[in-house]
file target.txt (compact mmCIF, C-alpha atoms and all ligand atoms)
# COMPACT_ATOMS: atom_id res chain seq x y z
CA MET Y 242 -10.16 -2.43 -9.79
CA GLY Y 243 -10.08 -2.84 -5.99
CA LYS Y 244 -8.31 -6.19 -6.22
CA ALA Y 245 -5.70 -4.76 -8.60
CA PHE Y 246 -4.86 -1.97 -6.11
CA LEU Y 247 -4.61 -4.51 -3.28
CA LYS Y 248 -2.24 -6.68 -5.33
CA VAL Y 249 0.00 -3.69 -6.12
CA ALA Y 250 -0.15 -2.69 -2.41
CA SER Y 251 1.06 -6.14 -1.33
CA ILE Y 252 4.03 -5.90 -3.72
CA TYR Y 253 4.97 -2.48 -2.27
CA PHE Y 254 4.55 -3.90 1.25
CA THR Y 255 6.99 -6.72 0.49
CA ILE Y 256 9.57 -4.32 -0.98
CA GLY Y 257 9.11 -1.74 1.82
CA VAL Y 258 9.39 -4.24 4.64
CA LEU Y 259 12.42 -5.94 3.07
CA ALA Y 260 14.07 -2.51 2.77
CA GLY Y 261 13.26 -1.82 6.45
CA ILE Y 262 14.64 -5.18 7.60
CA THR Y 263 17.77 -4.66 5.47
CA MET Y 264 18.35 -1.17 6.93
CA ALA Y 265 17.97 -2.52 10.44
CA ILE Y 266 20.36 -5.44 9.84
CA ILE Y 267 23.14 -3.43 8.23
CA HIS Y 268 22.61 -0.36 10.47
CA ASP Y 269 22.50 1.99 7.51
CA PHE Y 270 19.48 4.26 7.69
CA ARG Y 271 20.24 6.52 4.71
CA LEU Y 272 17.33 5.05 2.77
CA ALA Y 273 14.83 5.52 5.64
CA SER Y 274 12.80 8.09 3.70
CA VAL Y 275 12.68 5.80 0.64
CA HIS Y 276 11.51 2.96 2.89
CA ALA Y 277 8.91 5.28 4.50
CA HIS Y 278 7.50 6.40 1.14
CA ILE Y 279 7.39 2.90 -0.34
CA ASN Y 280 5.42 1.82 2.72
CA MET Y 281 3.16 4.84 3.17
CA LEU Y 282 2.42 5.68 -0.47
CA GLY Y 283 2.92 2.22 -1.95
CA TRP Y 284 1.41 -0.01 0.70
CA VAL Y 285 -0.88 2.15 2.83
CA SER Y 286 -2.28 4.44 0.11
CA MET Y 287 -2.73 1.67 -2.48
CA ALA Y 288 -4.43 -0.56 0.08
CA ILE Y 289 -6.81 2.27 1.05
CA PHE Y 290 -7.59 2.90 -2.66
CA GLY Y 291 -8.27 -0.82 -3.09
CA LEU Y 292 -10.59 -0.97 -0.09
CA ILE Y 293 -12.46 2.16 -1.22
CA TYR Y 294 -12.93 0.72 -4.72
CA HIS Y 295 -14.12 -2.54 -3.20
CA PHE Y 296 -16.58 -1.18 -0.64
CA PHE Y 297 -17.87 1.93 -2.46
CA ARG Y 298 -18.77 0.48 -5.81
CA LYS Y 299 -21.04 2.42 -8.11
CA GLN Y 300 -24.59 1.24 -7.53
CA PRO Y 301 -26.35 -0.05 -10.65
CA THR Y 302 -28.97 2.47 -11.78
CA ARG Y 303 -32.55 1.32 -12.00
CA SER Y 304 -34.25 1.51 -15.34
CA TRP Y 305 -37.73 2.05 -13.90
C1 LIG K 401 9.39 -5.47 9.25
C2 LIG K 401 8.92 -4.25 9.02
C3 LIG K 401 9.71 -2.97 9.14
C4 LIG K 401 11.01 -2.75 9.52
C5 LIG K 401 12.05 -3.77 9.93
C6 LIG K 401 11.23 -1.32 9.48
C7 LIG K 401 12.42 -0.69 9.80
C8 LIG K 401 12.62 0.67 9.82
C9 LIG K 401 13.87 1.33 10.13
C10 LIG K 401 15.17 0.62 10.50
C11 LIG K 401 13.67 2.66 10.05
C12 LIG K 401 14.71 3.77 10.27
C13 LIG K 401 14.66 4.24 11.69
C14 LIG K 401 15.68 5.34 11.91
O1 LIG K 401 15.95 6.13 10.99
O2 LIG K 401 16.18 5.45 13.04
C15 LIG K 401 12.26 2.87 9.70
C16 LIG K 401 11.68 4.09 9.52
C17 LIG K 401 10.36 4.29 9.14
N1 LIG K 401 9.47 3.31 8.80
FE1 LIG K 401 9.78 1.32 8.88
N2 LIG K 401 10.08 -0.70 9.06
C18 LIG K 401 9.12 -1.67 8.84
C19 LIG K 401 7.84 -1.49 8.40
C20 LIG K 401 7.23 -0.26 8.17
C21 LIG K 401 5.88 -0.06 7.73
C22 LIG K 401 4.88 -1.20 7.45
C23 LIG K 401 5.69 1.28 7.62
C24 LIG K 401 4.48 2.06 7.21
C25 LIG K 401 3.31 1.54 6.91
C26 LIG K 401 6.92 1.93 8.01
C27 LIG K 401 7.12 3.29 8.06
C28 LIG K 401 8.27 3.91 8.46
C29 LIG K 401 8.42 5.35 8.59
C30 LIG K 401 7.34 6.40 8.31
C31 LIG K 401 9.73 5.58 9.01
C32 LIG K 401 10.40 6.95 9.33
C33 LIG K 401 11.27 7.36 8.16
C34 LIG K 401 12.12 8.57 8.48
O3 LIG K 401 12.39 8.83 9.66
O4 LIG K 401 12.54 9.26 7.53
N3 LIG K 401 7.84 0.97 8.32
N4 LIG K 401 11.66 1.65 9.54
call {"tool": "encode", "arguments": {"input": "target.txt", "output": "structure tokens", "more": "lines below"}}
Ligand code: HEM
result
Amino acid sequence: MGKAFLKVASIYFTIGVLAGITMAIIHDFRLASVHAHINMLGWVSMAIFGLIYHFFRKQPTRSW
């Protein structure tokens, strides 16, 4: 589950950064909030979810 979130996060990161670079090159910042949300929700949040799933796994319960 953690790895899946990190994979999705990296896809959002690629899209978000490409959008940022494109905005900067063409000097058109109308999509700045779209860029911000792709990066913050897509990349940052998904990466945090992935790390939490990875590092806070459910401990196996003991049968004795
Ligand atoms: C190569 C990477 C990036 C480039 C070239 C880039 C470029 C830009 C540009 C041109 C703007 C608009 C600035 C303006 O309106 O004057 C912007 C805004 C913003 N970017 Fe990026 N960005 C990059 C990566 C990131 C990343 C990784 C994040 C978050 C994790 C991020 C978060 C934001 C936020 C929160 C804003 C403000 C949006 C707003 O004012 O509505 N950016 N970025």
call {"tool": "residues_around", "arguments": {"input": "target.txt", "residues": "Y:Phe246", "least_positions_apart": "3", "cutoff": "6 Å", "atoms": "all atoms listed in the file", "output": "list in words"}}
result
Gly243, Val249, Met287 and Gly291 of chain Y
call {"tool": "residues_near_ligand", "arguments": {"input": "target.txt", "ligand": "ligand LIG 401 (chain K)", "cutoff": "10 Å", "atoms": "only C-alpha atoms and all ligand atoms", "output": "number ranges by chain"}}
result
Y: 253-286
call {"tool": "atom_distance", "arguments": {"input": "target.txt", "atom1": "atom CA of Y:Pro301", "atom2": "atom CA of Y:Ala288"}}
result
24.4 Å
call {"tool": "atom_distance", "arguments": {"input": "target.txt", "atom1": "atom CA of Y:Met242", "atom2": "atom CA of Y:Tyr294"}}
result
6.6 Å
call {"tool": "atom_distance", "arguments": {"input": "target.txt", "atom1": "atom CA of Y:Gln300", "atom2": "atom CA of Y:Leu247"}}
result
21.2 Å
call {"tool": "decode", "arguments": {"input": "target.txt", "residues": "stretch 288-304 of chain Y", "atoms": "N, CA, C and O atoms", "output": "PDB file, in the first residue's frame"}}
result
ATOM      1  N   ALA Y 288       2.668  11.340  -0.925  1.00  0.00           N
ATOM      2  CA  ALA Y 288       3.964  10.856  -0.432  1.00  0.00           C
ATOM      3  C   ALA Y 288       3.905  10.649   1.080  1.00  0.00           C
ATOM      4  O   ALA Y 288       4.433   9.648   1.598  1.00  0.00           O
ATOM      5  N   ILE Y 289       3.249  11.576   1.795  1.00  0.00           N
ATOM      6  CA  ILE Y 289       3.123  11.412   3.257  1.00  0.00           C
ATOM      7  C   ILE Y 289       2.302  10.162   3.570  1.00  0.00           C
ATOM      8  O   ILE Y 289       2.670   9.366   4.442  1.00  0.00           O
ATOM      9  N   PHE Y 290       1.176   9.960   2.832  1.00  0.00           N
ATOM     10  CA  PHE Y 290       0.376   8.738   3.053  1.00  0.00           C
ATOM     11  C   PHE Y 290       1.259   7.506   2.860  1.00  0.00           C
ATOM     12  O   PHE Y 290       1.221   6.568   3.655  1.00  0.00           O
ATOM     13  N   GLY Y 291       2.033   7.511   1.762  1.00  0.00           N
ATOM     14  CA  GLY Y 291       2.889   6.365   1.454  1.00  0.00           C
ATOM     15  C   GLY Y 291       3.899   6.094   2.553  1.00  0.00           C
ATOM     16  O   GLY Y 291       4.109   4.945   2.949  1.00  0.00           O
ATOM     17  N   LEU Y 292       4.513   7.166   3.070  1.00  0.00           N
ATOM     18  CA  LEU Y 292       5.514   6.986   4.128  1.00  0.00           C
ATOM     19  C   LEU Y 292       4.861   6.488   5.417  1.00  0.00           C
ATOM     20  O   LEU Y 292       5.431   5.650   6.120  1.00  0.00           O
ATOM     21  N   ILE Y 293       3.654   7.016   5.708  1.00  0.00           N
ATOM     22  CA  ILE Y 293       2.951   6.558   6.923  1.00  0.00           C
ATOM     23  C   ILE Y 293       2.608   5.070   6.792  1.00  0.00           C
ATOM     24  O   ILE Y 293       2.837   4.287   7.718  1.00  0.00           O
ATOM     25  N   TYR Y 294       2.072   4.682   5.624  1.00  0.00           N
ATOM     26  CA  TYR Y 294       1.752   3.258   5.433  1.00  0.00           C
ATOM     27  C   TYR Y 294       3.004   2.402   5.544  1.00  0.00           C
ATOM     28  O   TYR Y 294       2.967   1.288   6.061  1.00  0.00           O
ATOM     29  N   HIS Y 295       4.120   2.910   5.062  1.00  0.00           N
ATOM     30  CA  HIS Y 295       5.356   2.127   5.086  1.00  0.00           C
ATOM     31  C   HIS Y 295       5.899   1.979   6.503  1.00  0.00           C
ATOM     32  O   HIS Y 295       6.270   0.882   6.925  1.00  0.00           O
ATOM     33  N   PHE Y 296       5.955   3.078   7.249  1.00  0.00           N
ATOM     34  CA  PHE Y 296       6.640   3.055   8.543  1.00  0.00           C
ATOM     35  C   PHE Y 296       5.735   2.703   9.716  1.00  0.00           C
ATOM     36  O   PHE Y 296       6.225   2.367  10.787  1.00  0.00           O
ATOM     37  N   PHE Y 297       4.410   2.804   9.556  1.00  0.00           N
ATOM     38  CA  PHE Y 297       3.503   2.482  10.661  1.00  0.00           C
ATOM     39  C   PHE Y 297       2.618   1.310  10.288  1.00  0.00           C
ATOM     40  O   PHE Y 297       1.394   1.402  10.323  1.00  0.00           O
ATOM     41  N   ARG Y 298       3.249   0.243   9.921  1.00  0.00           N
ATOM     42  CA  ARG Y 298       2.504  -0.965   9.551  1.00  0.00           C
ATOM     43  C   ARG Y 298       1.872  -1.576  10.785  1.00  0.00           C
ATOM     44  O   ARG Y 298       2.387  -1.457  11.885  1.00  0.00           O
ATOM     45  N   LYS Y 299       0.761  -2.264  10.547  1.00  0.00           N
ATOM     46  CA  LYS Y 299       0.104  -2.959  11.653  1.00  0.00           C
ATOM     47  C   LYS Y 299       1.030  -4.070  12.135  1.00  0.00           C
ATOM     48  O   LYS Y 299       1.534  -4.857  11.331  1.00  0.00           O
ATOM     49  N   GLN Y 300       1.257  -4.109  13.442  1.00  0.00           N
ATOM     50  CA  GLN Y 300       2.121  -5.151  13.988  1.00  0.00           C
ATOM     51  C   GLN Y 300       1.368  -6.473  13.999  1.00  0.00           C
ATOM     52  O   GLN Y 300       0.183  -6.519  14.339  1.00  0.00           O
ATOM     53  N   PRO Y 301       2.034  -7.579  13.634  1.00  0.00           N
ATOM     54  CA  PRO Y 301       1.355  -8.869  13.708  1.00  0.00           C
ATOM     55  C   PRO Y 301       1.016  -9.207  15.157  1.00  0.00           C
ATOM     56  O   PRO Y 301       1.835  -8.998  16.049  1.00  0.00           O
ATOM     57  N   THR Y 302      -0.200  -9.693  15.397  1.00  0.00           N
ATOM     58  CA  THR Y 302      -0.604 -10.014  16.771  1.00  0.00           C
ATOM     59  C   THR Y 302      -0.053 -11.379  17.161  1.00  0.00           C
ATOM     60  O   THR Y 302      -0.002 -12.296  16.341  1.00  0.00           O
ATOM     61  N   ARG Y 303       0.332 -11.482  18.423  1.00  0.00           N
ATOM     62  CA  ARG Y 303       0.876 -12.754  18.895  1.00  0.00           C
ATOM     63  C   ARG Y 303      -0.254 -13.681  19.276  1.00  0.00           C
ATOM     64  O   ARG Y 303      -1.271 -13.249  19.800  1.00  0.00           O
ATOM     65  N   SER Y 304      -0.036 -14.966  18.996  1.00  0.00           N
ATOM     66  CA  SER Y 304      -1.109 -15.919  19.294  1.00  0.00           C
ATOM     67  C   SER Y 304      -0.970 -16.498  20.691  1.00  0.00           C
ATOM     68  O   SER Y 304      -1.826 -17.242  21.129  1.00  0.00           O
TER      69      SER Y 304
END
